[in-house]
Structures are given as structure tokens and as C-alpha cells.
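This is entry39.cif. It holds mmCIF, C-alpha atoms.
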```cif
data_protein
loop_
_atom_site.label_atom_id
_atom_site.label_comp_id
_atom_site.auth_asym_id
_atom_site.auth_seq_id
_atom_site.Cartn_x
_atom_site.Cartn_y
_atom_site.Cartn_z
CA MET A 13 27.97 -14.06 18.49
CA ASN A 14 30.84 -14.50 20.96
CA GLU A 15 31.47 -18.02 22.13
CA ASP A 16 31.54 -17.06 25.81
CA GLU A 17 28.35 -15.04 25.55
CA PRO A 18 25.53 -16.71 27.56
CA LEU A 19 22.16 -17.30 25.87
CA VAL A 20 20.42 -14.99 28.33
CA ARG A 21 22.08 -12.15 30.21
CA TRP A 22 19.81 -11.58 33.17
CA ASP A 23 21.51 -8.33 34.16
CA TRP A 24 20.50 -6.84 30.78
CA ILE A 25 16.92 -7.95 31.42
CA HIS A 26 16.87 -6.41 34.90
CA GLU A 27 18.13 -3.11 33.51
CA HIS A 28 15.42 -2.91 30.88
CA TYR A 29 12.12 -3.51 32.71
CA GLY A 30 11.00 0.02 31.83
CA LEU A 31 11.66 -0.59 28.15
CA PHE A 32 9.73 -3.90 28.24
CA GLY A 33 6.76 -2.08 29.82
CA ASP A 34 6.67 0.66 27.18
CA LEU A 35 7.07 -1.78 24.33
CA THR A 36 4.36 -4.08 25.72
CA VAL A 37 1.88 -1.19 25.89
CA GLU A 38 2.72 -0.16 22.32
CA HIS A 39 2.51 -3.78 21.19
CA LEU A 40 -0.97 -4.22 22.67
CA LYS A 41 -2.19 -0.97 21.14
CA LEU A 42 -0.89 -2.04 17.72
CA SER A 43 -2.41 -5.52 17.86
CA LEU A 44 -5.73 -4.99 19.68
CA LEU A 45 -6.95 -1.79 18.01
CA PRO A 46 -7.13 -3.68 14.66
CA VAL A 47 -9.09 -6.49 16.34
CA LEU A 48 -11.71 -4.00 17.54
CA LEU A 49 -11.89 -2.16 14.22
CA GLY A 50 -12.02 -5.46 12.32
CA LEU A 51 -14.87 -6.70 14.52
CA LEU A 52 -16.81 -3.45 14.04
CA VAL A 53 -16.68 -3.87 10.26
CA ALA A 54 -16.89 -7.68 10.09
CA VAL A 55 -20.17 -8.08 12.01
CA PRO A 56 -22.33 -5.82 9.80
CA LEU A 57 -20.59 -7.11 6.67
CA GLY A 58 -21.11 -10.72 7.78
CA VAL A 59 -24.77 -10.04 8.57
CA LEU A 60 -25.28 -8.61 5.08
CA CYS A 61 -23.51 -11.60 3.50
CA ALA A 62 -25.59 -14.08 5.48
CA ARG A 63 -28.80 -12.34 4.42
CA TRP A 64 -28.05 -11.84 0.71
CA ARG A 65 -26.41 -15.05 -0.47
CA GLY A 66 -25.23 -13.62 -3.76
CA LEU A 67 -23.07 -11.12 -1.90
CA TYR A 68 -21.00 -13.71 -0.05
CA PRO A 69 -18.89 -15.35 -2.82
CA PRO A 70 -17.41 -12.05 -4.09
CA VAL A 71 -16.82 -10.81 -0.53
CA LEU A 72 -15.17 -14.13 0.37
CA THR A 73 -12.86 -13.92 -2.65
CA ALA A 74 -11.99 -10.34 -1.72
CA VAL A 75 -11.13 -11.14 1.90
CA ASN A 76 -9.13 -14.21 0.84
CA ILE A 77 -7.01 -12.01 -1.41
CA LEU A 78 -6.64 -9.42 1.38
CA TYR A 79 -5.43 -12.17 3.68
CA SER A 80 -2.77 -13.26 1.21
CA LEU A 81 -1.14 -9.81 1.06
CA PRO A 82 2.23 -9.93 2.83
CA SER A 83 2.32 -7.71 5.91
CA LEU A 84 5.76 -6.22 5.34
CA ALA A 85 4.79 -5.25 1.79
CA LEU A 86 1.62 -3.52 3.01
CA PHE A 87 3.54 -1.68 5.76
CA LEU A 88 5.99 -0.38 3.17
CA VAL A 89 3.32 0.73 0.73
CA LEU A 90 1.40 2.50 3.51
CA LEU A 91 4.53 4.15 4.91
CA ASP A 92 4.26 6.67 2.07
CA TYR A 93 0.76 7.73 3.16
CA THR A 94 0.61 7.25 6.91
CA GLY A 95 4.30 7.66 7.82
CA LEU A 96 5.45 6.52 11.24
CA SER A 97 1.96 6.64 12.80
CA ILE A 98 0.40 3.48 14.24
CA TRP A 99 -1.92 3.30 11.21
CA THR A 100 0.89 2.00 8.98
CA VAL A 101 0.71 -1.22 10.99
CA ALA A 102 -2.89 -0.99 12.22
CA ILE A 103 -4.53 -0.77 8.79
CA PRO A 104 -3.05 -4.01 7.37
CA LEU A 105 -3.77 -5.85 10.61
CA THR A 106 -7.37 -4.59 10.51
CA LEU A 107 -7.66 -6.04 7.00
CA TYR A 108 -6.34 -9.43 8.19
CA THR A 109 -8.74 -9.40 11.13
CA LEU A 110 -11.56 -8.69 8.73
CA ALA A 111 -10.47 -11.56 6.50
CA VAL A 112 -10.55 -13.99 9.43
CA LEU A 113 -13.78 -12.71 10.98
CA VAL A 114 -16.16 -12.26 8.03
CA PRO A 115 -16.33 -16.00 7.15
CA ASN A 116 -16.79 -16.83 10.83
CA VAL A 117 -19.65 -14.35 11.27
CA VAL A 118 -21.36 -15.74 8.16
CA ASP A 119 -20.86 -19.38 9.21
CA GLY A 120 -22.00 -18.56 12.74
CA LEU A 121 -25.23 -16.98 11.51
CA ARG A 122 -25.88 -19.72 8.96
CA GLN A 123 -25.75 -22.45 11.55
CA VAL A 124 -28.65 -20.93 13.50
CA PRO A 125 -31.37 -23.59 13.16
CA ASP A 126 -34.35 -22.54 11.04
CA THR A 127 -36.70 -23.73 13.76
CA THR A 128 -35.07 -21.32 16.23
CA ARG A 129 -35.47 -18.47 13.79
CA GLN A 130 -39.12 -19.39 13.18
CA ALA A 131 -39.79 -19.66 16.91
CA ALA A 132 -38.39 -16.16 17.46
CA THR A 133 -40.51 -14.79 14.64
CA ALA A 134 -43.59 -16.54 16.04
CA MET A 135 -42.91 -14.95 19.43
CA GLY A 136 -43.21 -11.57 17.75
CA TYR A 137 -39.52 -10.64 17.39
CA THR A 138 -38.92 -8.04 14.70
CA PRO A 139 -36.13 -9.03 12.25
CA LEU A 140 -33.68 -6.60 13.86
CA ARG A 141 -34.42 -7.73 17.41
CA ARG A 142 -34.27 -11.36 16.32
CA LEU A 143 -30.82 -10.72 14.86
CA VAL A 144 -29.48 -9.00 17.98
CA ALA A 145 -31.20 -11.10 20.65
CA VAL A 146 -31.26 -14.55 19.04
CA GLU A 147 -29.09 -15.05 15.98
CA LEU A 148 -25.93 -13.18 16.99
CA PRO A 149 -25.81 -14.75 20.48
CA ILE A 150 -26.06 -18.20 18.90
CA ALA A 151 -23.23 -17.24 16.55
CA VAL A 152 -21.01 -16.01 19.41
CA PRO A 153 -18.87 -19.19 19.80
CA VAL A 154 -17.97 -19.21 16.10
CA ILE A 155 -17.30 -15.45 16.07
CA ILE A 156 -15.10 -15.74 19.15
CA ALA A 157 -13.19 -18.63 17.57
CA GLY A 158 -12.36 -16.20 14.75
CA LEU A 159 -11.46 -13.45 17.23
CA ARG A 160 -9.01 -15.80 18.94
CA VAL A 161 -7.25 -16.58 15.67
CA ALA A 162 -7.14 -12.89 14.71
CA THR A 163 -5.91 -11.71 18.12
CA VAL A 164 -3.17 -14.30 18.43
CA SER A 165 -1.89 -13.81 14.90
CA ASN A 166 -2.02 -10.01 15.24
CA ILE A 167 0.02 -10.15 18.43
CA SER A 168 2.68 -12.17 16.63
CA LEU A 169 2.50 -10.18 13.37
CA VAL A 170 2.98 -6.74 14.92
CA SER A 171 6.63 -7.61 15.46
CA VAL A 172 7.24 -7.53 11.67
CA GLY A 173 6.42 -3.83 11.88
CA ALA A 174 9.75 -3.39 13.66
CA LEU A 175 11.41 -3.56 10.24
CA VAL A 176 9.70 -0.30 9.26
CA GLY A 177 10.18 1.20 12.72
CA ILE A 178 6.78 0.53 14.34
CA GLY A 179 6.78 -2.87 15.92
CA GLY A 180 6.24 -2.81 19.68
CA LEU A 181 8.13 -5.73 21.19
CA GLY A 182 9.42 -6.59 17.71
CA SER A 183 11.96 -3.81 18.05
CA LEU A 184 13.74 -6.09 20.53
CA PHE A 185 14.46 -8.46 17.62
CA LYS A 186 16.03 -5.59 15.74
CA THR A 187 18.12 -4.64 18.76
CA GLY A 188 19.26 -8.24 19.12
CA PHE A 189 20.17 -8.51 15.45
CA ASP A 190 22.05 -5.20 15.40
CA LEU A 191 24.01 -6.02 18.56
CA GLN A 192 24.41 -9.76 17.70
CA PHE A 193 22.96 -10.44 21.12
CA THR A 194 20.37 -13.18 21.88
CA THR A 195 18.99 -11.81 25.18
CA PRO A 196 16.59 -9.18 23.75
CA VAL A 197 15.46 -11.60 21.05
CA LEU A 198 14.51 -14.27 23.59
CA ALA A 199 12.88 -11.67 25.85
CA GLY A 200 10.79 -10.46 22.90
CA ILE A 201 9.72 -13.97 21.89
CA VAL A 202 8.75 -14.90 25.46
CA LEU A 203 6.80 -11.67 26.06
CA ILE A 204 4.92 -12.01 22.77
CA ILE A 205 3.97 -15.62 23.53
CA ILE A 206 2.81 -14.61 27.03
CA LEU A 207 0.64 -11.82 25.61
CA ALA A 208 -0.83 -14.16 23.00
CA VAL A 209 -1.68 -16.82 25.58
CA LEU A 210 -3.18 -14.27 28.02
CA PHE A 211 -5.46 -12.72 25.43
CA ASP A 212 -6.45 -16.11 24.07
CA LEU A 213 -7.50 -17.16 27.58
CA ALA A 214 -9.33 -13.86 28.08
CA LEU A 215 -11.37 -14.54 24.95
CA VAL A 216 -12.20 -18.07 26.13
CA LEU A 217 -13.47 -16.56 29.40
CA LEU A 218 -15.43 -13.92 27.50
CA GLN A 219 -17.09 -16.68 25.50
CA ARG A 220 -18.14 -18.47 28.69
CA LEU A 221 -19.60 -15.24 30.04
CA LEU A 222 -21.47 -14.49 26.83
CA THR A 223 -22.81 -18.01 26.32
CA PRO A 224 -23.66 -19.34 29.78
CA TRP A 225 -25.92 -21.96 28.17
CA SER A 226 -23.17 -23.77 26.30
CA PRO A 227 -21.79 -27.03 27.76
CA ARG A 228 -18.53 -26.83 29.66
CA MET B 1 3.37 3.92 -5.08
CA ASN B 2 4.38 5.70 -8.32
CA ASP B 3 8.07 5.26 -7.50
CA GLY B 4 7.34 1.57 -7.09
CA TRP B 5 5.83 1.24 -10.56
CA ARG B 6 8.70 3.21 -12.05
CA TRP B 7 11.17 0.79 -10.41
CA LEU B 8 9.19 -2.23 -11.63
CA THR B 9 9.02 -1.03 -15.21
CA ASP B 10 12.69 -0.05 -15.36
CA GLY B 11 14.35 -2.62 -17.64
CA ALA B 12 17.63 -2.42 -15.71
CA ASN B 13 16.02 -4.13 -12.72
CA TRP B 14 15.16 -7.19 -14.78
CA HIS B 15 18.74 -8.24 -15.57
CA GLY B 16 21.86 -9.46 -13.79
CA PRO B 17 22.53 -11.48 -10.64
CA ASP B 18 20.35 -9.13 -8.57
CA GLY B 19 17.65 -8.92 -11.22
CA ILE B 20 14.02 -9.65 -10.60
CA PRO B 21 13.99 -13.09 -12.35
CA VAL B 22 16.87 -14.36 -10.17
CA ARG B 23 15.30 -13.10 -6.95
CA LEU B 24 11.91 -14.44 -7.96
CA ALA B 25 13.43 -17.88 -8.61
CA GLU B 26 15.13 -17.79 -5.19
CA HIS B 27 11.87 -16.84 -3.52
CA LEU B 28 9.94 -19.61 -5.28
CA GLY B 29 12.72 -22.09 -4.49
CA TYR B 30 12.55 -21.38 -0.76
CA THR B 31 8.77 -21.50 -0.84
CA LEU B 32 8.69 -24.88 -2.60
CA LEU B 33 11.32 -26.41 -0.34
CA VAL B 34 9.57 -25.24 2.82
CA LEU B 35 6.18 -26.33 1.54
CA ALA B 36 7.51 -29.77 0.55
CA VAL B 37 8.92 -30.34 4.04
CA ALA B 38 5.68 -29.09 5.62
CA VAL B 39 3.57 -31.47 3.53
CA LEU B 40 5.95 -34.41 4.16
CA VAL B 41 5.56 -33.86 7.92
CA GLY B 42 2.06 -32.42 8.23
CA LEU B 43 0.18 -34.81 5.96
CA PRO B 44 1.20 -38.14 7.54
CA VAL B 45 0.96 -36.75 11.08
CA GLY B 46 -2.48 -35.32 10.33
CA LEU B 47 -3.66 -38.66 8.91
CA LEU B 48 -2.26 -40.49 11.90
CA LEU B 49 -3.88 -38.14 14.42
CA ALA B 50 -7.25 -38.49 12.73
CA HIS B 51 -7.10 -42.14 13.83
CA ALA B 52 -5.67 -41.45 17.27
CA GLY B 53 -7.69 -41.06 20.44
CA ARG B 54 -9.65 -37.84 20.85
CA ARG B 55 -7.50 -36.57 23.75
CA THR B 56 -4.14 -36.89 21.96
CA ALA B 57 -5.55 -35.35 18.83
CA PHE B 58 -7.09 -32.43 20.75
CA THR B 59 -3.77 -31.67 22.44
CA VAL B 60 -1.73 -31.80 19.24
CA ILE B 61 -4.23 -29.63 17.34
CA ASN B 62 -4.12 -27.01 20.08
CA VAL B 63 -0.34 -27.04 20.13
CA ALA B 64 -0.34 -26.67 16.35
CA ASN B 65 -2.67 -23.70 16.65
CA GLY B 66 -0.42 -22.29 19.34
CA PHE B 67 2.35 -22.07 16.76
CA ARG B 68 0.48 -19.08 15.39
CA ALA B 69 1.66 -17.13 18.42
CA LEU B 70 5.33 -17.61 17.57
CA PRO B 71 6.77 -14.38 16.15
CA THR B 72 8.58 -15.52 13.00
CA LEU B 73 10.88 -12.50 12.89
CA GLY B 74 12.09 -13.26 16.40
CA LEU B 75 12.69 -16.93 15.59
CA LEU B 76 14.56 -15.99 12.41
CA VAL B 77 16.89 -13.63 14.26
CA LEU B 78 17.40 -16.12 17.08
CA ILE B 79 18.26 -18.99 14.74
CA PHE B 80 20.47 -16.72 12.68
CA LEU B 81 22.46 -15.69 15.78
CA LEU B 82 22.72 -19.25 17.09
CA SER B 83 23.63 -20.89 13.77
CA ALA B 84 26.13 -18.19 12.77
CA GLY B 85 24.21 -17.28 9.65
CA SER B 86 23.42 -20.62 8.00
CA ASP B 87 20.90 -20.36 5.15
CA LEU B 88 19.16 -23.66 5.78
CA ALA B 89 18.71 -22.93 9.48
CA ALA B 90 16.82 -19.80 8.44
CA LEU B 91 14.24 -22.00 6.77
CA VAL B 92 13.35 -23.73 10.05
CA PRO B 93 11.01 -20.95 11.29
CA LEU B 94 9.30 -20.96 7.90
CA VAL B 95 8.73 -24.71 8.15
CA ALA B 96 7.36 -24.23 11.67
CA LEU B 97 4.93 -21.74 10.18
CA ALA B 98 3.84 -23.99 7.31
CA ILE B 99 3.28 -27.29 9.14
CA PRO B 100 0.26 -26.33 11.31
CA PRO B 101 -2.17 -25.39 8.51
CA VAL B 102 -1.34 -28.57 6.57
CA LEU B 103 -1.55 -30.78 9.66
CA VAL B 104 -4.74 -29.29 11.12
CA ASN B 105 -6.57 -29.31 7.79
CA THR B 106 -5.57 -32.90 7.03
CA TYR B 107 -6.89 -33.89 10.44
CA GLU B 108 -10.15 -31.98 10.00
CA GLY B 109 -10.49 -33.28 6.45
CA VAL B 110 -10.41 -36.92 7.59
CA ARG B 111 -12.50 -36.25 10.69
CA GLN B 112 -15.40 -34.71 8.80
CA ILE B 113 -15.88 -37.82 6.64
CA ASP B 114 -19.25 -39.44 7.21
CA PRO B 115 -18.56 -42.61 9.27
CA ARG B 116 -21.04 -44.46 7.07
CA VAL B 117 -18.68 -43.97 4.11
CA ARG B 118 -15.87 -45.59 6.08
CA ASP B 119 -18.17 -48.44 7.14
CA ALA B 120 -19.23 -48.97 3.54
CA ALA B 121 -15.59 -49.16 2.43
CA LEU B 122 -14.79 -51.69 5.16
CA GLY B 123 -17.96 -53.60 4.32
CA MET B 124 -16.79 -53.89 0.71
CA GLY B 125 -13.73 -55.69 2.03
CA MET B 126 -11.18 -52.90 1.80
CA THR B 127 -8.21 -53.17 4.13
CA GLY B 128 -7.40 -50.34 6.55
CA ARG B 129 -4.71 -49.13 4.18
CA GLN B 130 -7.04 -49.11 1.21
CA VAL B 131 -9.64 -47.20 3.17
CA LEU B 132 -7.03 -44.61 4.06
CA LEU B 133 -5.52 -44.18 0.62
CA ARG B 134 -8.55 -44.69 -1.62
CA VAL B 135 -11.37 -43.28 0.49
CA GLU B 136 -10.24 -41.02 3.29
CA LEU B 137 -7.38 -39.25 1.57
CA PRO B 138 -9.33 -38.33 -1.59
CA LEU B 139 -12.30 -37.15 0.46
CA ALA B 140 -10.01 -34.98 2.58
CA VAL B 141 -8.31 -33.41 -0.45
CA PRO B 142 -10.41 -30.22 -0.61
CA LEU B 143 -9.57 -29.28 2.99
CA ILE B 144 -5.93 -30.41 2.67
CA MET B 145 -5.57 -28.12 -0.33
CA VAL B 146 -7.01 -25.21 1.65
CA GLY B 147 -4.37 -25.92 4.30
CA ALA B 148 -1.60 -26.14 1.71
CA ARG B 149 -2.82 -22.86 0.20
CA THR B 150 -2.74 -21.10 3.56
CA ALA B 151 0.73 -22.48 4.20
CA ALA B 152 2.01 -21.46 0.75
CA VAL B 153 0.68 -17.93 1.00
CA GLN B 154 2.12 -17.50 4.48
CA VAL B 155 5.51 -18.80 3.39
CA VAL B 156 5.60 -16.48 0.36
CA ALA B 157 4.81 -13.56 2.66
CA THR B 158 7.15 -14.54 5.46
CA ALA B 159 10.09 -15.45 3.22
CA THR B 160 10.09 -11.68 2.62
CA VAL B 161 10.88 -11.11 6.27
CA ALA B 162 13.65 -13.70 6.03
CA ALA B 163 15.56 -11.27 3.82
CA TYR B 164 16.27 -9.36 7.03
CA ILE B 165 18.84 -12.02 7.86
CA ASN B 166 20.21 -11.94 4.28
CA LEU B 167 18.30 -14.88 2.86
CA GLY B 168 17.76 -13.12 -0.47
CA GLY B 169 14.59 -13.62 -2.47
CA LEU B 170 12.20 -10.80 -3.23
CA GLY B 171 12.39 -9.55 0.34
CA GLY B 172 15.93 -8.42 -0.45
CA TYR B 173 14.48 -5.51 -2.40
CA LEU B 174 12.37 -4.51 0.58
CA MET B 175 15.36 -4.58 2.94
CA ASP B 176 17.63 -2.73 0.50
CA GLY B 177 14.94 -0.15 0.02
CA ILE B 178 14.51 0.35 3.76
CA LEU B 179 18.23 0.46 4.51
CA LEU B 180 19.26 2.69 1.61
CA ARG B 181 16.08 4.79 1.81
CA GLN B 182 15.28 3.95 -1.81
CA TYR B 183 11.58 4.05 -1.54
CA GLY B 184 10.94 2.95 -5.13
CA THR B 185 12.89 -0.30 -4.64
CA ALA B 186 11.03 -1.12 -1.43
CA VAL B 187 7.58 -0.45 -2.87
CA GLY B 188 8.40 -2.11 -6.21
CA GLY B 189 9.57 -5.22 -4.35
CA SER B 190 6.44 -5.09 -2.20
CA LEU B 191 4.23 -4.97 -5.27
CA LEU B 192 6.05 -8.03 -6.67
CA VAL B 193 5.49 -9.98 -3.44
CA VAL B 194 1.83 -8.99 -3.40
CA LEU B 195 1.42 -10.18 -7.01
CA LEU B 196 3.22 -13.44 -6.22
CA ALA B 197 1.04 -14.07 -3.16
CA VAL B 198 -2.15 -13.47 -5.13
CA ALA B 199 -0.87 -15.71 -7.95
CA VAL B 200 -0.10 -18.53 -5.48
CA GLN B 201 -3.52 -18.08 -3.90
CA ILE B 202 -5.26 -18.39 -7.28
CA LEU B 203 -3.04 -21.29 -8.41
CA PHE B 204 -3.84 -23.32 -5.30
CA THR B 205 -7.54 -22.57 -5.49
CA TYR B 206 -7.72 -24.00 -9.03
CA THR B 207 -5.38 -26.95 -8.34
CA GLY B 208 -7.57 -27.74 -5.34
CA ARG B 209 -10.63 -27.84 -7.58
CA LEU B 210 -8.87 -30.09 -10.08
CA LEU B 211 -7.74 -32.52 -7.38
CA THR B 212 -11.18 -32.71 -5.80
CA PRO B 213 -12.81 -36.08 -6.58
CA ARG B 214 -15.63 -35.69 -9.10
CA GLY B 215 -18.23 -36.85 -6.63
CA LEU B 216 -17.47 -33.93 -4.33
CA ARG B 217 -17.61 -31.18 -6.95
CA PRO B 218 -20.68 -28.99 -6.87
CA GLU B 219 -22.04 -29.69 -10.35
CA PRO B 220 -25.67 -29.31 -11.34
CA ASN B 221 -26.00 -32.89 -12.59
CA ASN B 222 -24.21 -34.33 -9.57
CA ARG B 223 -27.19 -35.36 -7.49
CA LYS B 224 -26.58 -35.73 -3.82
CA GLU B 225 -29.92 -37.24 -2.99
CA ILE B 226 -31.62 -40.13 -4.66
CA PRO B 227 -35.14 -39.06 -5.64
CA GLY B 228 -38.10 -41.05 -4.48
#
```

Same coordinates, now as C-alpha cells:
Amino acid sequence: MNEDEPLVRWDWIHEHYGLFGDLTVEHLKLSLLPVLLGLLVAVPLGVLCARWRGLYPPVLTAVNILYSLPSLALFLVLLDYTGLSIWTVAIPLTLYTLAVLVPNVVDGLRQVPDTTRQAATAMGYTPLRRLVAVELPIAVPVIIAGLRVATVSNISLVSVGALVGIGGLGSLFKTGFDLQFTTPVLAGIVLIIILAVLFDLALVLLQRLLTPWSPR
Amino acid sequence: MNDGWRWLTDGANWHGPDGIPVRLAEHLGYTLLVLAVAVLVGLPVGLLLAHAGRRTAFTVINVANGFRALPTLGLLVLIFLLSAGSDLAALVPLVALAIPPVLVNTYEGVRQIDPRVRDAALGMGMTGRQVLLRVELPLAVPLIMVGARTAAVQVVATATVAAYINLGGLGGYLMDGILLRQYGTAVGGSLLVVLLAVAVQILFTYTGRLLTPRGLRPEPNNRKEIPG
């Protein structure tokens, strides 16, 4: 880096608003689609694990191993099958989301008090309706805690995808490295942190909407 | 995938200064160094916070969780550009990544201890220091080890990314493979990192069990309740 180069060149930032917009949209698609897919798989899987206790230990071991797989390695292995489509990044992130959410769904359902469950049964709830109307709502805070972790870490992990050519705002890091230029790198870091904070707050609000009975 | 296996099983890749054993040793070296620093910082701070007021602790824990939002690749590139390519500076983002799980789990580990246990220890005449070192720390070990495991696995994975700024280690194979379009090298390196991550995960799980005080282990003859 040149000595007289400032840390941030604002003129470069002003010239690239369009680029920031496009990259932000791509970044959100890459990080949030896996959260949705992960949630869609994790809830039924968690329900099954909470019901049949023998199923949980092997599933837990499996998701722990999934979570330990390095993202860059998975991107590279998938590149052969899915090429430069968003799935190369979305599939590994879906697996991580799953790994974070399944234990939370199970813990959330397990902490439903037995008395509550019995009361629902006594009121004539069928097992399915009891699950949807009583048990899952009680588990919402724990599930959302998991969603927050998954969303925030996905938003920051997507940037690694830039190394294989699909990384949303992460491509700014590559630009900065190639040009030996700190401005795009800082812009990328700041935008990613802003996105992470915004979506974290959105999930906190969602939790308040979904559980109006919980203490503030 | 097949190219990857072919690369892995090719004897030529297991020798010389760029051979797999050398790179593996580099990777493990970085991981151990980073983890050691993370434990040296995270453990005492976690223990301290567990005895601090609720407000301070809450803030610090949230900040620690907020670290998750930091994009490591961005920090690596930034530090690389600012430090003019120093190797040790490149380890700073990895340390930043490893401290939060150790710190938060140490905190939670001490917090979840039944207050009656602490009272009993004080009642037996233990000093504050003895309570900390002989009661609270051992009881927190299972959770601390989970934190250390998370940190170790994340560092193994992220040290791969650090190869982007020429830090070496196993990630070097991934970067070479991407740059030179040698798919076998990239996938072979990826498979090695995956194996290493799984090995670290398993190693920490078993070490955690060994370090867990006997009274906390789930054994059939370890009665939790006194009958009658």
C-alpha cells in the first residue's frame, strides 16, 4: 500500500453506490435463502428428535460434524457439481443453519412443562394441534435464538464465497486485495456488519411479535 | 471429487517443503498458537465476568456474540494491507474469532453452577480463591471444553482462508488450486481440511469427557439423588 494513500477514499465510495447495491442484494440472497431452507428442515427434524429420544444423539453427532466442515472446502468440493450457481454457497450455509437450529428446536420443545402439555391434552387438543398451537409457540424464543446465530454467521460467512467467485459483498475484499487498496475492504466490512445488525434486530422484533406474552 | 482423491494418494504430494506433512504442521501450529492466546484471554475474562455485576456481564457477552458478525476474510485482507504482509498480524483476526466461544462458555459454565454448591464450599471454610479454582472451575469444565472445541474447529476452518494472504498451511493447496485451476489440488486440500476439522472435533469431545470431574459424568452408578 502506498504511504500517501488514505485509509478511505470517499470519492471511490461515491462512484460505486450501484455496485454496493447489487452486491448487497446478492449477499442477502446468499445468506438468507439458507436460513429459510435450514429452518424448513430443522423444525420437522427437531420435532422428530424431541419425540423419539433415541434419534437425537446420532442426529446431534451428525450435525456437529456438519458444523465442523470448513466452508471454503465445501464450496470447492461443490464447485464441481453446482458450478457458479448460488447453490455452491447456499448448500453449505444451509447445512450450518441446520446444525445450529436442530439442537435449539429440540431444547425448545423439551423445555415445555409437562403440566402445560397435559393441560392441552385435557382440553382436547389432538397431538398435532398441541404441537402447532402450544409446544412450538412455547419453543419460539429458543428457536429464534438459534435463528439469530445462524443468520448473523451466514451473513459474515458468505464473504468467504468470494474466493470461489460467489461471495456478494465479499468480492469487495478480493478487489481490495488485488488492487492493494483498503477502501473497498472497509466498505465491505462495514456493510456486512450493518446487514448483520439489522437482521439480528429484525429477528428480535419478530420474537416480540410472536411471543407477546413474554416479559419485556 | 475423484481428482481430489487422486491428488491425495499421489506419493509426490507427501514429500518436500510443500508436502502435506509440512503444510499440516504449519496449519496445526497456527491453530495451537491462536487457541492458546484465546484461552489465555477468554478463560480469565470469562471467570471474572461471571463474578461481575449482571449489567456489565450482559454487555460483554453481547459484544462477544457480536464478533460473529465480523467477516474474517475482510479483516484478514485489511490487516494484511495495513501491516504490509506480516504473518503474526494475520493471526489477529483468527484470535478475534476464537476468543468469544471460550469466553462466553466459561461465563455460562460458572453461571449455571447451583448457588448452593458455592455456599457449601464457603461454609466449609474455603477462601474465594479456593472456591474458584477447586469448585467453580472444575464444574465449568464441560462447557469450557465445548467452547474450546468450537473455537478450535473454527480456527482450523478459517486458517484455510488465511492462505489467501499467503499464510501457508493447508489452505495453500486450496488457493493454489483455485489460482492455477488445478481442481485436484483444491479438492484434495479441501478433503484434508475436512478430515482435520473432524479429527479436532472428535479429539476435543473425548478430552472434554476425560477432564469432566467424575461427579458430573453420566454413569449408571453415579446417583444424583439420595434415596429415601

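Between CA of Val22 in chain B and CA of Gly74 in chain B lies a distance of 27.0 Å.
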
Contacts between chain B and chain A, please, where a residue of chain A counts if it comes within 7 Å (with all atoms listed in the file); show its shortest atom pair and distance in Å to one decimal, rows by chain and ascending number, as CSV.
```
residue,atom,partner,partner_atom,distance
A:Met13,CA,B:Leu81,CA,6.4
A:Ile77,CA,B:Val198,CA,6.3
A:Ser80,CA,B:Val153,CA,5.8
A:Leu81,CA,B:Val194,CA,5.4
A:Pro82,CA,B:Ala157,CA,4.5
A:Ala85,CA,B:Ser190,CA,4.3
A:Leu88,CA,B:Val187,CA,6.2
A:Val89,CA,B:Val187,CA,5.7
A:Val164,CA,B:Ala69,CA,5.6
A:Ser165,CA,B:Arg68,CA,5.8
A:Ser168,CA,B:Pro71,CA,4.7
A:Leu169,CA,B:Pro71,CA,6.6
A:Ser171,CA,B:Pro71,CA,6.8
A:Val172,CA,B:Leu73,CA,6.3
A:Phe185,CA,B:Gly74,CA,5.5
A:Phe189,CA,B:Val77,CA,6.2
A:Gln192,CA,B:Leu81,CA,6.5
A:Thr194,CA,B:Leu78,CA,6.4
A:Val197,CA,B:Gly74,CA,6.0
A:Ile201,CA,B:Gly74,CA,6.0
A:Ile205,CA,B:Ala69,CA,5.8
A:Ala208,CA,B:Ala69,CA,6.0
```

Run through the PyMOL selection byres ((chain A and resi 111-126) around 6) on the given coordinates and return the selected residues as a ChimeraX atom specification. /A:54,58,62,75,79,108-110,127-129,151,154-155,158

Residues returned when the PyMOL selection byres ((chain A and resi 40-48) around 9) runs on this file, as a VMD selection string: chain A and resid 35 to 39 49 to 53 98 to 99 101 to 110 159 162 to 170 178 to 180 207

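Residues captured in this structure file are Gly46, Leu47, Leu48, Leu49, Ala50, His51, Asn105, Thr106, Tyr107, Glu108, Gly109, Val117, Arg118, Asp119, Ala120, Ala121, Leu122, Leu132, Val135, Glu136, Leu137, Pro138, Leu139, Ala140, Val141, Leu143 and Ile144 of chain B, according to the PyMOL selection byres ((chain B and resi 110-116) around 10).
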
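Between CA of Pro153 in chain A and CA of Gln219 in chain A lies a distance of 6.5 Å.
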
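With all atoms listed in the file as the atoms that count, the minimum distance from Pro101 in chain B to the choices B:Leu133, B:Ala151, B:Leu24, B:Leu35 is reached by B:Ala151.
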
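The two atoms in question, CA of Leu184 in chain A and CA of Ala64 in chain B, are spaced 25.3 Å apart.
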
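Distances to Leu210 in chain B were evaluated for B:Pro44, B:Pro142, B:Gly125, B:Pro21 using only C-alpha atoms, and the minimum falls at B:Pro142.
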
Any chance you could export range 21-44 of chain B with C-alpha atoms, as a short mmCIF file (atom, residue, chain, number, x, y, z; two decimals), in the first residue's frame?
```cif
data_model
loop_
_atom_site.label_atom_id
_atom_site.label_comp_id
_atom_site.auth_asym_id
_atom_site.auth_seq_id
_atom_site.Cartn_x
_atom_site.Cartn_y
_atom_site.Cartn_z
CA PRO B 21 3.21 -33.12 6.33
CA VAL B 22 4.89 -29.68 6.30
CA ARG B 23 1.66 -27.85 5.50
CA LEU B 24 -0.24 -29.88 8.05
CA ALA B 25 2.32 -28.99 10.73
CA GLU B 26 2.03 -25.29 9.79
CA HIS B 27 -1.74 -25.46 9.99
CA LEU B 28 -1.67 -27.18 13.38
CA GLY B 29 0.96 -24.71 14.61
CA TYR B 30 -1.21 -21.71 13.77
CA THR B 31 -4.24 -23.37 15.27
CA LEU B 32 -2.47 -24.16 18.56
CA LEU B 33 -0.96 -20.69 18.85
CA VAL B 34 -4.28 -18.97 18.20
CA LEU B 35 -6.13 -21.29 20.55
CA ALA B 36 -3.56 -20.77 23.31
CA VAL B 37 -3.93 -16.99 23.08
CA ALA B 38 -7.73 -17.31 23.01
CA VAL B 39 -7.75 -19.48 26.14
CA LEU B 40 -5.25 -17.21 27.94
CA VAL B 41 -7.56 -14.24 27.32
CA GLY B 42 -11.01 -15.82 27.25
CA LEU B 43 -10.76 -18.04 30.31
CA PRO B 44 -9.72 -15.44 32.92
#
```
